[in-house]
Amino acid sequence: MQILTQNFNIMNANRLSAYLGRDGYKSLGRLFSLRPEDVIEEVKKSGLRGRGGAGFPTGTKWGFVPKNSDGPVYLCVNADEGEPGTFKDRMLLERDPHKLIEGTIIASYAIGAKTAYVYIRGEYAKPCKILSAAIAEAYENNFLGKNILGKDFGLDIVVQRGAGAYICGEETSLISSLEGLRGYPKIKPPFPAIKGLFGRPTVVNNVETLSSLPFIVLNGWEPYSKIGTKKSPGTKLISVAGHVNKPGVYEIDMGLSLISFIEKYAGGVWKNRRLKAIIPGGSSFPVLSAEECANVNLDYESMISAGTMLGSGGMIVMDETTDMVACLKVLTDFYHHESCGQCSPCREGSGWAKKIMDRIVAGLGTKKDLDLLLDIADNMAGKTVCVFADALAMPIKSFITKFRAEFESRCL
Amino acid sequence: MNDNIEKNIKRASLLSLLWKIQNESGFISDEDIKKVSVSLEIPESEVYGVVTFYGMLTRRKLGKNLICLCSNICCWLRGSGDILNYLKARLGIGPGETTKDGLFTLFTVECLGACGGAPMMMVNGEYFENLDYNKIDDIINGLKCRS
């Protein structure tokens, strides 16, 4: 089923005229006939879960915003895509920006926001330009601004460019950055739905999550809930990269088997080589060995029972020639570089992990270093303000435990 | 309440203001930090803190052309290491350095969200994907001609 990608190959799909010809903004008619609380209920029933990585039920998240609060409520659109292996939101921003705008109107109406901030990563200059042009077109045609389509609801969308910080994709860090602060994550609770941007109730939703909304509102919750699996309904964008013949962004019904995805969509492992490992949900989640990949499906529950997570759907495929030690070094370098430095276990732990990996790659590591790495990982996960520390702990633990022999062969 | 809102909005404009300065002058100087601090009524130390937090903001003058090669996992799996060595040899500089003629600065950067076109790099804000040595030659020669 194509819900998110059906306009990807249409000429000028980023232009309003093309979008309108593809049922664009059609959901707004039904939207404004519903009460905001009914919209929240519909989205809850649809089973839509956050597509940024956490998989939290979207309608439930909206439901946390206090009713009748005495001031502004904000929606933040998380377009700070930075999880290594993830490039799906860029496609949505470049190829179907009006769908995101339509979804943003829906979410804002549901939670009572009159201003929505799109936080887009600094490097996405082209997607930012395309989205901004689409927003301007939407204003000109009264899909944004005051009294949208003559109704008693108005919305402004403000685009804010980030400036190169992975951590700003974390929702409280994103809020800090929007506020003009260093992008430090904040302690939860209070959750953003209670105290978010400028201290006001705020919902942060991912680009893909919002882009799924027009279908749900236009067709009602039921058709959406019937796609995919019972607990993970709907479609998901998978961006697949690494050692496959056809890297790219593909839309799948949740629950598709991982191996058939690799074969049917990604064109199989490249150069006729055998599969060695897959990180299914972006670099922050545990790696699966080839044997583990055999019986796992692409949905939240199946991934969790396999000991990993669907995450953002940023899939990284490694063939049999891949040097797993060097691979983990690349990852520790990344997490060390991007640790925001606020919490000691993460700031210091990522630095230690990097130094030990440097030592192992240089041929100077010992087998004890592997246990030291595991110990560091244990002392990082769950001990910091945000889950960044866990995001390094998970690859460290999974790489070393699943490919221990390879690591040991490189140690003194 | 109104005072707070005004203060919030002023503060929230910081990142955009820093972008504007960098786009105009190429980098953010000590003098710029002082000016921003006065105009937005934010302590200098906090402006400095924000400038140094974000990887794309720079405190020093860079080359006329900025080459940012992705060195993260998907690009690495598809040969960004070789591409980096080629760039280093072609330009005669390492990551973080600027050529003597001031034409090029080279950086290795983290995932730019173009893993489907790995290995890739960003040159002056524009993405170049599926890199090989010939493509690198074309890009560098093109930039040299334009300069």
# chains A, B, ... in the order shown; residues from 1 in each chain; ligands from 1
call {"tool": "interface_residues", "arguments": {"of": "chain B", "to": "chain A", "cutoff": "7 Å", "atoms": "only C-alpha atoms", "output": "compact mmCIF listing (two decimals) with N, CA and C atoms, in the first residue's frame"}}
result
# COMPACT_ATOMS: atom_id res chain seq x y z
N ASN B 8 11.52 35.73 25.12
CA ASN B 8 11.60 34.42 24.48
C ASN B 8 11.82 34.53 22.98
N ARG B 11 15.31 35.79 22.12
CA ARG B 11 16.29 34.73 22.33
C ARG B 11 16.19 33.67 21.22
N ALA B 12 14.95 33.36 20.84
CA ALA B 12 14.74 32.32 19.83
C ALA B 12 15.28 32.72 18.47
N SER B 13 15.52 34.00 18.27
CA SER B 13 16.04 34.43 16.97
C SER B 13 17.55 34.26 16.88
N LEU B 14 18.17 33.81 17.97
CA LEU B 14 19.64 33.73 18.02
C LEU B 14 20.24 32.89 16.89
N LEU B 15 19.73 31.68 16.73
CA LEU B 15 20.34 30.78 15.74
C LEU B 15 20.22 31.37 14.32
N GLY B 49 28.61 30.08 23.84
CA GLY B 49 28.21 28.69 24.10
C GLY B 49 27.38 28.12 22.96
N VAL B 50 26.48 28.92 22.41
CA VAL B 50 25.64 28.45 21.31
C VAL B 50 26.47 28.30 20.03
N PHE B 53 28.49 25.21 20.06
CA PHE B 53 27.75 23.95 20.19
C PHE B 53 27.47 23.32 18.83
N TYR B 54 27.24 24.16 17.84
CA TYR B 54 26.76 23.67 16.54
C TYR B 54 27.89 23.51 15.52
N GLY B 55 27.96 22.30 14.96
CA GLY B 55 29.07 21.96 14.07
C GLY B 55 29.16 22.80 12.80
N MET B 56 28.02 23.34 12.34
CA MET B 56 28.07 24.08 11.07
C MET B 56 28.46 25.54 11.26
N LEU B 57 28.45 26.00 12.50
CA LEU B 57 28.87 27.38 12.74
C LEU B 57 30.37 27.38 12.97
N ASN B 72 30.50 8.69 7.92
CA ASN B 72 29.72 7.81 8.78
C ASN B 72 29.50 6.44 8.12
N ILE B 73 28.78 5.59 8.85
CA ILE B 73 28.82 4.15 8.56
C ILE B 73 28.43 3.75 7.14
N CYS B 74 27.32 4.30 6.60
CA CYS B 74 26.87 3.83 5.29
C CYS B 74 27.85 4.27 4.20
N LEU B 77 30.93 2.07 4.57
CA LEU B 77 30.72 0.74 4.00
C LEU B 77 30.90 0.73 2.49
N ARG B 78 30.65 1.87 1.86
CA ARG B 78 30.75 1.94 0.40
C ARG B 78 31.96 2.75 -0.05
N GLU B 110 29.52 14.00 9.86
CA GLU B 110 28.65 12.87 10.20
C GLU B 110 27.50 12.79 9.21
N CYS B 111 26.75 11.69 9.32
CA CYS B 111 25.70 11.34 8.35
C CYS B 111 24.88 12.55 7.88
N LEU B 112 24.81 12.73 6.56
CA LEU B 112 24.09 13.86 5.99
C LEU B 112 22.72 13.44 5.43
N GLY B 113 22.31 12.21 5.72
CA GLY B 113 20.98 11.78 5.29
C GLY B 113 20.90 11.55 3.79
N ALA B 114 21.98 11.02 3.22
CA ALA B 114 21.96 10.68 1.80
C ALA B 114 22.63 9.32 1.61
N CYS B 115 22.35 8.42 2.55
CA CYS B 115 23.03 7.11 2.59
C CYS B 115 22.73 6.28 1.35
N GLY B 116 21.60 6.54 0.69
CA GLY B 116 21.26 5.82 -0.52
C GLY B 116 22.21 6.14 -1.67
N GLY B 125 27.24 23.38 0.35
CA GLY B 125 25.82 23.19 0.64
C GLY B 125 25.09 22.27 -0.32
call {"tool": "select_by_dssp", "arguments": {"residues": "stretch 20-78 of chain A", "states": "strand (DSSP E or B)", "output": "ChimeraX atom specification"}}
result
/A:49,57,74-78
call {"tool": "residues_around", "arguments": {"residues": "stretch 135-139 of chain B", "least_positions_apart": "3", "cutoff": "12 Å", "atoms": "only C-alpha atoms", "output": "PyMOL selection string"}}
result
chain B and resi 65-67+69+80+82-91+104+119-124+126-132+142-146
call {"tool": "write_last_selection", "arguments": {"atoms": "C-alpha atoms", "output": "short mmCIF file (atom, residue, chain, number, x, y, z; two decimals), in the first residue's frame"}}
result
data_model
loop_
_atom_site.label_atom_id
_atom_site.label_comp_id
_atom_site.auth_asym_id
_atom_site.auth_seq_id
_atom_site.Cartn_x
_atom_site.Cartn_y
_atom_site.Cartn_z
CA ASN B 65 34.94 26.16 -1.21
CA LEU B 66 33.86 23.94 1.63
CA ILE B 67 34.07 20.19 1.02
CA LEU B 69 32.82 14.32 3.09
CA SER B 80 34.39 6.77 1.82
CA ASP B 82 39.28 5.62 -0.25
CA ILE B 83 37.49 8.79 -1.30
CA LEU B 84 38.99 10.63 1.67
CA ASN B 85 42.49 9.46 0.77
CA TYR B 86 41.93 10.58 -2.81
CA LEU B 87 40.67 14.01 -1.71
CA LYS B 88 43.63 14.40 0.65
CA ALA B 89 46.07 13.59 -2.16
CA ARG B 90 44.24 15.79 -4.69
CA LEU B 91 44.07 18.81 -2.41
CA PHE B 104 39.41 24.62 -0.46
CA PRO B 119 29.67 7.60 -0.66
CA MET B 120 28.64 11.24 -0.73
CA MET B 121 29.84 14.71 0.14
CA MET B 122 28.41 18.19 0.49
CA VAL B 123 30.20 20.94 -1.42
CA ASN B 124 29.16 24.50 -0.61
CA GLU B 126 25.09 21.03 -2.40
CA TYR B 127 24.98 17.21 -2.24
CA PHE B 128 27.10 15.04 -4.55
CA GLU B 129 26.33 11.33 -4.36
CA ASN B 130 27.71 8.00 -5.62
CA LEU B 131 31.21 9.44 -5.65
CA ASP B 132 34.15 7.91 -7.48
CA GLY B 142 34.83 22.69 -11.93
CA LEU B 143 35.33 24.63 -8.70
CA LYS B 144 38.87 25.64 -9.74
CA CYS B 145 37.58 26.96 -13.09
CA ARG B 146 34.91 29.03 -11.38
#
call {"tool": "closest_residue", "arguments": {"among": "A:Val73, A:Ile227, A:Ile120, A:Ala290", "to": "A:Ile278", "atoms": "only C-alpha atoms"}}
result
A:Ala290
call {"tool": "residues_around", "arguments": {"residues": "stretch 143-149 of chain A", "least_positions_apart": "2", "cutoff": "12 Å", "atoms": "only C-alpha atoms", "output": "MDAnalysis selection string"}}
result
chainID A and resid 16 20 24:29 31:32 98:99 101:106 108:109 114:116 134:141 151:158
call {"tool": "select_by_dssp", "arguments": {"residues": "stretch 189-308 of chain A", "states": "helix (DSSP H, G or I)", "output": "mmCIF file with C-alpha atoms, in the first residue's frame"}}
result
data_model
loop_
_atom_site.group_PDB
_atom_site.id
_atom_site.type_symbol
_atom_site.label_atom_id
_atom_site.label_comp_id
_atom_site.auth_asym_id
_atom_site.auth_seq_id
_atom_site.Cartn_x
_atom_site.Cartn_y
_atom_site.Cartn_z
ATOM 1 C CA LEU A 197 8.635 25.212 23.947
ATOM 2 C CA PHE A 198 8.824 28.494 25.926
ATOM 3 C CA GLY A 199 7.389 26.552 28.854
ATOM 4 C CA VAL A 207 7.910 14.274 9.424
ATOM 5 C CA GLU A 208 6.814 10.755 8.462
ATOM 6 C CA THR A 209 4.294 10.575 11.314
ATOM 7 C CA LEU A 210 2.666 13.824 10.200
ATOM 8 C CA SER A 211 2.728 12.795 6.534
ATOM 9 C CA LEU A 213 -2.164 11.794 8.853
ATOM 10 C CA PRO A 214 -3.928 13.011 5.672
ATOM 11 C CA PHE A 215 -4.716 9.400 4.711
ATOM 12 C CA ILE A 216 -6.099 8.640 8.175
ATOM 13 C CA VAL A 217 -8.296 11.723 8.342
ATOM 14 C CA LEU A 218 -9.509 11.442 4.738
ATOM 15 C CA ASN A 219 -10.393 7.747 4.953
ATOM 16 C CA TRP A 221 -9.077 5.289 11.097
ATOM 17 C CA GLU A 222 -10.234 1.870 9.996
ATOM 18 C CA PRO A 223 -8.552 1.456 6.591
ATOM 19 C CA TYR A 224 -5.220 2.527 8.106
ATOM 20 C CA SER A 225 -5.526 0.205 11.076
ATOM 21 C CA LEU A 258 13.265 -8.604 6.731
ATOM 22 C CA ILE A 259 14.759 -11.062 4.270
ATOM 23 C CA SER A 260 12.036 -10.556 1.676
ATOM 24 C CA PHE A 261 12.530 -6.805 2.046
ATOM 25 C CA ILE A 262 16.235 -7.210 1.303
ATOM 26 C CA GLU A 263 15.556 -9.486 -1.658
ATOM 27 C CA LYS A 264 12.470 -7.869 -3.183
ATOM 28 C CA TYR A 265 13.008 -4.193 -2.481
ATOM 29 C CA TRP A 270 25.590 -6.664 -3.615
ATOM 30 C CA LYS A 271 28.378 -8.371 -5.563
ATOM 31 C CA ASN A 272 26.733 -11.775 -5.044
ATOM 32 C CA ALA A 290 22.711 -12.963 9.435
ATOM 33 C CA GLU A 291 21.218 -15.929 11.321
ATOM 34 C CA GLU A 292 19.082 -13.611 13.436
ATOM 35 C CA CYS A 293 17.843 -11.826 10.305
ATOM 36 C CA TYR A 300 7.888 -2.855 16.255
ATOM 37 C CA GLU A 301 7.029 -6.034 18.189
ATOM 38 C CA SER A 302 8.905 -8.453 15.971
ATOM 39 C CA MET A 303 12.031 -6.309 16.162
ATOM 40 C CA ILE A 304 11.828 -6.110 19.943
ATOM 41 C CA SER A 305 11.494 -9.878 20.260
#
call {"tool": "atom_distance", "arguments": {"atom1": "atom CA of A:Glu94", "atom2": "atom CA of A:Asn14"}}
result
6.9 Å
call {"tool": "atom_distance", "arguments": {"atom1": "atom CA of A:His336", "atom2": "atom CA of A:Asn379"}}
result
15.4 Å
call {"tool": "closest_residue", "arguments": {"among": "B:Thr98, B:Thr58, B:Ser37, B:Lys64", "to": "B:Trp19", "atoms": "only C-alpha atoms"}}
result
B:Thr58
call {"tool": "closest_residue", "arguments": {"among": "A:Leu392, A:Ala54, A:Met309, A:Val43", "to": "A:Pro233", "atoms": "only C-alpha atoms"}}
result
A:Val43
call {"tool": "atom_distance", "arguments": {"atom1": "atom CA of A:Gly313", "atom2": "atom CA of A:Thr60"}}
result
21.6 Å
